[in-house]
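Accompanying notes for the structure given below.
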Amino acid sequence: MNEKYNALTEYIKSFGSLAVAFSGGVDSTFLLKAAHDVLGDGCVAVTARSCLFPQSETDEAAEFCKKEGIRQITVDFEPFGVEGFADNPENRCYLCKTALFTKIRAEAAKLGTEHIAEGSNVDDTGDYRPGLAAVEELGIKSPLRRANLTKSEIRALSEQIGLDTWNKPSYACLASRFVYGETITEDKLGMVGEAERFLRGMGFLQSRVRIHGMMARIEILKDDFPKMLDVYEQVHDRLKSLGFTYVSLDLGGYRTGSMNETIGK
């Protein structure tokens, strides 16, 4: 594992200067920290401000950069301006990532920063990830994948170097909560975001609220099922108040990419 970390830092060193797409999540925080340790002022964080991400994530990203003394650029990204995004096709992530990284690349060019990196890890190649095609087409670097680092290794190394995010729950953009082909709207994004914020406040730290029409399908860790039995009425009433017609618990439990399970079926 430490050999992989050394390979990562050596690779980063070859860039000279680097703009890191920084969301504040486990992977991008680890990558940004490593890049800043290696490149110093040659490293800049670029964070997208968008309705696809809760304000709390944006705030945490800003706090980290301030604490670490890392220069941060924030760009406003409007996904509904991306042709086809709202229709939510199976390649939605490709469309979105193409537009987002094109914008990030333009910001990096203004700074004179030649290279851009993003935080996908080797585990991300095991799921349907059309966004990775956009990353490769645009020449965006993926240092964690190149170093063959897994999510568990990134968490372990994050703890080793003192990052608070080592045990932070995984997160993905709110558009991933929608069934492919179902129209994405700002109102529904807001419903999902607020529902997940409520669940976190109730102690369900690793959770997803998938939306099917106006029905909420809640995914939580299976170990948290007994806890849900104690508070299900509060959860039901809160999500109903947000506009969901029905509120359900997925007995399969939390897993990443569950909306991809129906592709090709």
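In the structure tokens, chains take letters A, B, ... by order of appearance, with residues numbered from 1 within each chain and ligands from 1 in the order shown.
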
Please produce, as JSON lines, a per-residue contact table for range 135-169 of chain A versus range 198-212 of chain A (criterion: any atom at most 12 Å away, only C-alpha atoms considered), showing the nearest atom pair and its distance in Å to one decimal, sorted by chain then residue number.
{"residue": "A:Asn167", "atom": "CA", "partner": "A:Leu205", "partner_atom": "CA", "distance": 10.6}
{"residue": "A:Lys168", "atom": "CA", "partner": "A:Leu205", "partner_atom": "CA", "distance": 8.7}
{"residue": "A:Pro169", "atom": "CA", "partner": "A:Gln206", "partner_atom": "CA", "distance": 5.4}

Would you pick out the contacts of Thr245 in chain A at 10 Å or less, using only C-alpha atoms, so that residues sharing its chain but fewer than 2 positions from it are not included, and give the list as a short mmCIF file (atom, residue, chain, number, x, y, z; two decimals) with N, CA and C atoms, in the first residue's frame?
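What follows is the written file around08.cif:
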data_model
loop_
_atom_site.label_atom_id
_atom_site.label_comp_id
_atom_site.auth_asym_id
_atom_site.auth_seq_id
_atom_site.Cartn_x
_atom_site.Cartn_y
_atom_site.Cartn_z
N GLY A 213 -40.37 8.20 -9.93
CA GLY A 213 -41.57 9.01 -10.03
C GLY A 213 -41.63 9.93 -8.83
N MET A 214 -42.62 9.70 -7.95
CA MET A 214 -42.69 10.46 -6.70
C MET A 214 -42.52 9.54 -5.50
N MET A 215 -41.98 8.34 -5.73
CA MET A 215 -41.72 7.40 -4.65
C MET A 215 -40.26 7.46 -4.23
N ALA A 216 -40.02 7.42 -2.93
CA ALA A 216 -38.67 7.38 -2.39
C ALA A 216 -38.31 5.93 -2.04
N LEU A 239 -40.37 12.56 4.88
CA LEU A 239 -40.24 12.45 3.43
C LEU A 239 -41.57 12.74 2.73
N LYS A 240 -42.67 12.36 3.36
CA LYS A 240 -43.98 12.71 2.79
C LYS A 240 -44.15 14.23 2.75
N SER A 241 -43.67 14.91 3.79
CA SER A 241 -43.80 16.36 3.83
C SER A 241 -42.97 17.04 2.75
N LEU A 242 -41.95 16.34 2.26
CA LEU A 242 -41.11 16.89 1.20
C LEU A 242 -41.75 16.73 -0.17
N GLY A 243 -42.80 15.90 -0.25
CA GLY A 243 -43.49 15.74 -1.52
C GLY A 243 -43.51 14.33 -2.07
N VAL A 247 -43.04 6.10 0.55
CA VAL A 247 -41.70 5.99 1.12
C VAL A 247 -41.43 4.52 1.39
#

Min atom-atom distance to Lys97 in chain A from the set A:Lys188, A:Phe85, A:Gly69, A:Leu32, counting only C-alpha atoms, belongs to A:Phe85

For each of A:Phe77, A:Tyr128, A:Trp166, A:Phe53, take the minimum atom-to-atom distance to Asp27 in chain A, counting only C-alpha atoms, then give the residue where this is smallest.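 Of A:Phe77, A:Tyr128, A:Trp166, A:Phe53, the one nearest Asp27 in chain A, counting only C-alpha atoms, is A:Trp166.
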
Compile the contact shell of Tyr180 in chain A as a PyMOL selection string: residues with an atom at most 7 Å away, counting only C-alpha atoms, same-chain residues fewer than 3 positions apart removed.
chain A and resi 88-90

Generate the output file for the selected residues, N, CA and C atoms, as a JSON list (two decimals), in the first residue's frame.
[["chain", "number", "residue", "atom", "x", "y", "z"],
["A", 88, "ASN", "N", -32.02, 12.59, -18.74],
["A", 88, "ASN", "CA", -31.44, 11.50, -17.95],
["A", 88, "ASN", "C", -31.24, 10.21, -18.75],
["A", 89, "PRO", "N", -30.54, 10.28, -19.87],
["A", 89, "PRO", "CA", -30.23, 9.06, -20.61],
["A", 89, "PRO", "C", -29.17, 8.24, -19.88],
["A", 90, "GLU", "N", -28.91, 7.04, -20.33],
["A", 90, "GLU", "CA", -27.93, 6.19, -19.66],
["A", 90, "GLU", "C", -26.52, 6.78, -19.70]]

For Arg155 in chain A, find every residue with an atom within 12 Å (counting only C-alpha atoms), except residues of its own chain fewer than 4 positions away, and show them as a PyMOL selection string.
chain A and resi 1+25-31+121+149-151+159-170

Go ahead and dump the residues you just picked, N, CA and C atoms, as a PDB file, in the first residue's frame.
ATOM      1  N   MET A   1       0.821  -1.209   0.000  1.00  0.00           N
ATOM      2  CA  MET A   1       0.000   0.000   0.000  1.00  0.00           C
ATOM      3  C   MET A   1       0.857   1.263   0.000  1.00  0.00           C
ATOM      4  N   GLY A  25     -14.848  14.932  -1.086  1.00  0.00           N
ATOM      5  CA  GLY A  25     -15.057  13.535  -0.736  1.00  0.00           C
ATOM      6  C   GLY A  25     -13.766  12.837  -0.364  1.00  0.00           C
ATOM      7  N   VAL A  26     -13.871  11.568  -0.014  1.00  0.00           N
ATOM      8  CA  VAL A  26     -12.714  10.788   0.445  1.00  0.00           C
ATOM      9  C   VAL A  26     -11.593  10.788  -0.583  1.00  0.00           C
ATOM     10  N   ASP A  27     -11.921  10.457  -1.827  1.00  0.00           N
ATOM     11  CA  ASP A  27     -10.897  10.286  -2.857  1.00  0.00           C
ATOM     12  C   ASP A  27     -10.250  11.606  -3.267  1.00  0.00           C
ATOM     13  N   SER A  28     -11.078  12.604  -3.558  1.00  0.00           N
ATOM     14  CA  SER A  28     -10.504  13.867  -4.035  1.00  0.00           C
ATOM     15  C   SER A  28      -9.748  14.591  -2.928  1.00  0.00           C
ATOM     16  N   THR A  29     -10.152  14.405  -1.673  1.00  0.00           N
ATOM     17  CA  THR A  29      -9.408  15.015  -0.565  1.00  0.00           C
ATOM     18  C   THR A  29      -8.036  14.385  -0.435  1.00  0.00           C
ATOM     19  N   PHE A  30      -7.986  13.067  -0.523  1.00  0.00           N
ATOM     20  CA  PHE A  30      -6.703  12.358  -0.457  1.00  0.00           C
ATOM     21  C   PHE A  30      -5.794  12.767  -1.607  1.00  0.00           C
ATOM     22  N   LEU A  31      -6.352  12.830  -2.815  1.00  0.00           N
ATOM     23  CA  LEU A  31      -5.565  13.220  -3.984  1.00  0.00           C
ATOM     24  C   LEU A  31      -5.057  14.651  -3.845  1.00  0.00           C
ATOM     25  N   ASN A 121     -10.963   6.019  -8.360  1.00  0.00           N
ATOM     26  CA  ASN A 121     -10.018   4.983  -7.938  1.00  0.00           C
ATOM     27  C   ASN A 121     -10.250   3.710  -8.736  1.00  0.00           C
ATOM     28  N   LEU A 149      -4.854   2.258  -6.728  1.00  0.00           N
ATOM     29  CA  LEU A 149      -5.341   2.370  -5.361  1.00  0.00           C
ATOM     30  C   LEU A 149      -6.832   2.063  -5.281  1.00  0.00           C
ATOM     31  N   THR A 150      -7.202   1.212  -4.329  1.00  0.00           N
ATOM     32  CA  THR A 150      -8.602   0.885  -4.087  1.00  0.00           C
ATOM     33  C   THR A 150      -9.184   1.864  -3.065  1.00  0.00           C
ATOM     34  N   LYS A 151     -10.502   1.837  -2.932  1.00  0.00           N
ATOM     35  CA  LYS A 151     -11.168   2.709  -1.962  1.00  0.00           C
ATOM     36  C   LYS A 151     -10.700   2.410  -0.545  1.00  0.00           C
ATOM     37  N   GLU A 159      -6.238   7.870   6.730  1.00  0.00           N
ATOM     38  CA  GLU A 159      -6.102   7.834   8.195  1.00  0.00           C
ATOM     39  C   GLU A 159      -4.638   7.934   8.596  1.00  0.00           C
ATOM     40  N   GLN A 160      -3.788   7.278   7.837  1.00  0.00           N
ATOM     41  CA  GLN A 160      -2.351   7.259   8.131  1.00  0.00           C
ATOM     42  C   GLN A 160      -1.741   8.655   8.063  1.00  0.00           C
ATOM     43  N   ILE A 161      -2.213   9.483   7.115  1.00  0.00           N
ATOM     44  CA  ILE A 161      -1.642  10.828   6.981  1.00  0.00           C
ATOM     45  C   ILE A 161      -2.485  11.889   7.698  1.00  0.00           C
ATOM     46  N   GLY A 162      -3.470  11.436   8.478  1.00  0.00           N
ATOM     47  CA  GLY A 162      -4.203  12.345   9.357  1.00  0.00           C
ATOM     48  C   GLY A 162      -5.363  13.094   8.747  1.00  0.00           C
ATOM     49  N   LEU A 163      -5.973  12.537   7.708  1.00  0.00           N
ATOM     50  CA  LEU A 163      -7.122  13.199   7.091  1.00  0.00           C
ATOM     51  C   LEU A 163      -8.424  12.769   7.788  1.00  0.00           C
ATOM     52  N   ASP A 164      -9.232  13.743   8.175  1.00  0.00           N
ATOM     53  CA  ASP A 164     -10.497  13.446   8.844  1.00  0.00           C
ATOM     54  C   ASP A 164     -11.474  12.708   7.941  1.00  0.00           C
ATOM     55  N   THR A 165     -11.262  12.786   6.645  1.00  0.00           N
ATOM     56  CA  THR A 165     -12.195  12.174   5.688  1.00  0.00           C
ATOM     57  C   THR A 165     -11.990  10.668   5.532  1.00  0.00           C
ATOM     58  N   TRP A 166     -11.060  10.082   6.262  1.00  0.00           N
ATOM     59  CA  TRP A 166     -10.751   8.664   6.053  1.00  0.00           C
ATOM     60  C   TRP A 166     -11.984   7.771   6.233  1.00  0.00           C
ATOM     61  N   ASN A 167     -12.885   8.178   7.140  1.00  0.00           N
ATOM     62  CA  ASN A 167     -14.096   7.374   7.353  1.00  0.00           C
ATOM     63  C   ASN A 167     -15.368   8.115   6.953  1.00  0.00           C
ATOM     64  N   LYS A 168     -15.217   9.128   6.109  1.00  0.00           N
ATOM     65  CA  LYS A 168     -16.382   9.873   5.633  1.00  0.00           C
ATOM     66  C   LYS A 168     -17.224   8.989   4.723  1.00  0.00           C
ATOM     67  N   PRO A 169     -18.556   9.008   4.872  1.00  0.00           N
ATOM     68  CA  PRO A 169     -19.409   8.201   3.991  1.00  0.00           C
ATOM     69  C   PRO A 169     -19.204   8.566   2.523  1.00  0.00           C
ATOM     70  N   SER A 170     -19.352   7.566   1.667  1.00  0.00           N
ATOM     71  CA  SER A 170     -19.229   7.810   0.231  1.00  0.00           C
ATOM     72  C   SER A 170     -20.379   8.684  -0.245  1.00  0.00           C
TER      73      SER A 170
END

Check your understanding: Excluding same-chain residues fewer than 3 positions from Asp76 in chain A, what lies within 8 Å of it counting only C-alpha atoms, as a ChimeraX atom specification?
Key -> /A:48-50

Quiz item: In range 58-226 of chain A, what's helix (DSSP H, G or I) per DSSP? Answer as a count of residues only?
Solution: 89

Practice task
Quick one: everything within 10 Å of Ile184 in chain A, counting only C-alpha atoms, minus sequence neighbours fewer than 3 positions away in the same chain. Send it as an MDAnalysis selection string.
Solution key: chainID A and resid 80 85:88 174:175 177:181 187:189

For the selection you just gave me, I'd like the residues written to a file as a PDB file, in the first residue's frame, keeping C-alpha atoms.
ATOM      1  CA  PHE A  80     -29.561  22.003 -16.836  1.00  0.00           C
ATOM      2  CA  PHE A  85     -28.936  16.188 -19.094  1.00  0.00           C
ATOM      3  CA  ALA A  86     -32.515  16.664 -17.857  1.00  0.00           C
ATOM      4  CA  ASP A  87     -33.716  13.760 -20.033  1.00  0.00           C
ATOM      5  CA  ASN A  88     -31.440  11.503 -17.954  1.00  0.00           C
ATOM      6  CA  LEU A 174     -27.731  13.816  -6.692  1.00  0.00           C
ATOM      7  CA  ALA A 175     -28.530  13.038 -10.326  1.00  0.00           C
ATOM      8  CA  ARG A 177     -30.619   9.011  -7.524  1.00  0.00           C
ATOM      9  CA  PHE A 178     -32.880   9.087 -10.607  1.00  0.00           C
ATOM     10  CA  VAL A 179     -34.007   6.152 -12.722  1.00  0.00           C
ATOM     11  CA  TYR A 180     -32.526   6.436 -16.217  1.00  0.00           C
ATOM     12  CA  GLY A 181     -35.062   8.013 -18.550  1.00  0.00           C
ATOM     13  CA  ASP A 187     -37.422  20.474  -7.411  1.00  0.00           C
ATOM     14  CA  LYS A 188     -36.813  16.735  -7.288  1.00  0.00           C
ATOM     15  CA  LEU A 189     -33.084  17.237  -6.765  1.00  0.00           C
TER      16      LEU A 189
END

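Separating CA of Ile70 in chain A from CA of Val20 in chain A is a distance of 10.9 Å.
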
Residues of range 170-243 of chain A in strand (DSSP E) according to DSSP, as a ChimeraX atom specification?
/A:207-212,215-220

Nearest to Glu10 in chain A, restricted to only C-alpha atoms and choosing among A:Glu136, A:Tyr246, A:Arg146, A:Ser176, comes out as A:Arg146

From CA of Arg238 in chain A to CA of Asp224 in chain A the spacing works out at 18.4 Å

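Between CA of Ile220 in chain A and CA of Thr58 in chain A there is a distance of 23.4 Å.
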
_At a cut-off of 8 Å, using only C-alpha atoms, what residues contact Cys96 in chain A? Leave out same-chain residues fewer than 5 positions from it and give the result as a PyMOL selection string._
chain A and resi 79+82+85+131

Dump N, CA and C atoms for the selected residues as a short mmCIF file (atom, residue, chain, number, x, y, z; two decimals), in the first residue's frame?
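The result, written out as part-v7.cif:
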data_model
loop_
_atom_site.label_atom_id
_atom_site.label_comp_id
_atom_site.auth_asym_id
_atom_site.auth_seq_id
_atom_site.Cartn_x
_atom_site.Cartn_y
_atom_site.Cartn_z
N PRO A 79 -25.99 22.26 -14.57
CA PRO A 79 -26.19 21.04 -15.37
C PRO A 79 -27.38 21.12 -16.31
N VAL A 82 -26.74 21.75 -19.89
CA VAL A 82 -26.10 20.71 -20.69
C VAL A 82 -27.17 19.99 -21.50
N PHE A 85 -29.10 16.55 -20.51
CA PHE A 85 -28.94 16.19 -19.09
C PHE A 85 -30.27 15.89 -18.43
N GLY A 131 -18.92 8.41 -17.20
CA GLY A 131 -18.16 9.63 -16.97
C GLY A 131 -16.67 9.44 -17.16
#

- For Lys103 in chain A, which of A:Glu137, A:Ala21, A:Asn6, A:Arg197 is the closest residue, counting only C-alpha atoms?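 Among the listed residues, A:Ala21 lies closest to Lys103 in chain A.
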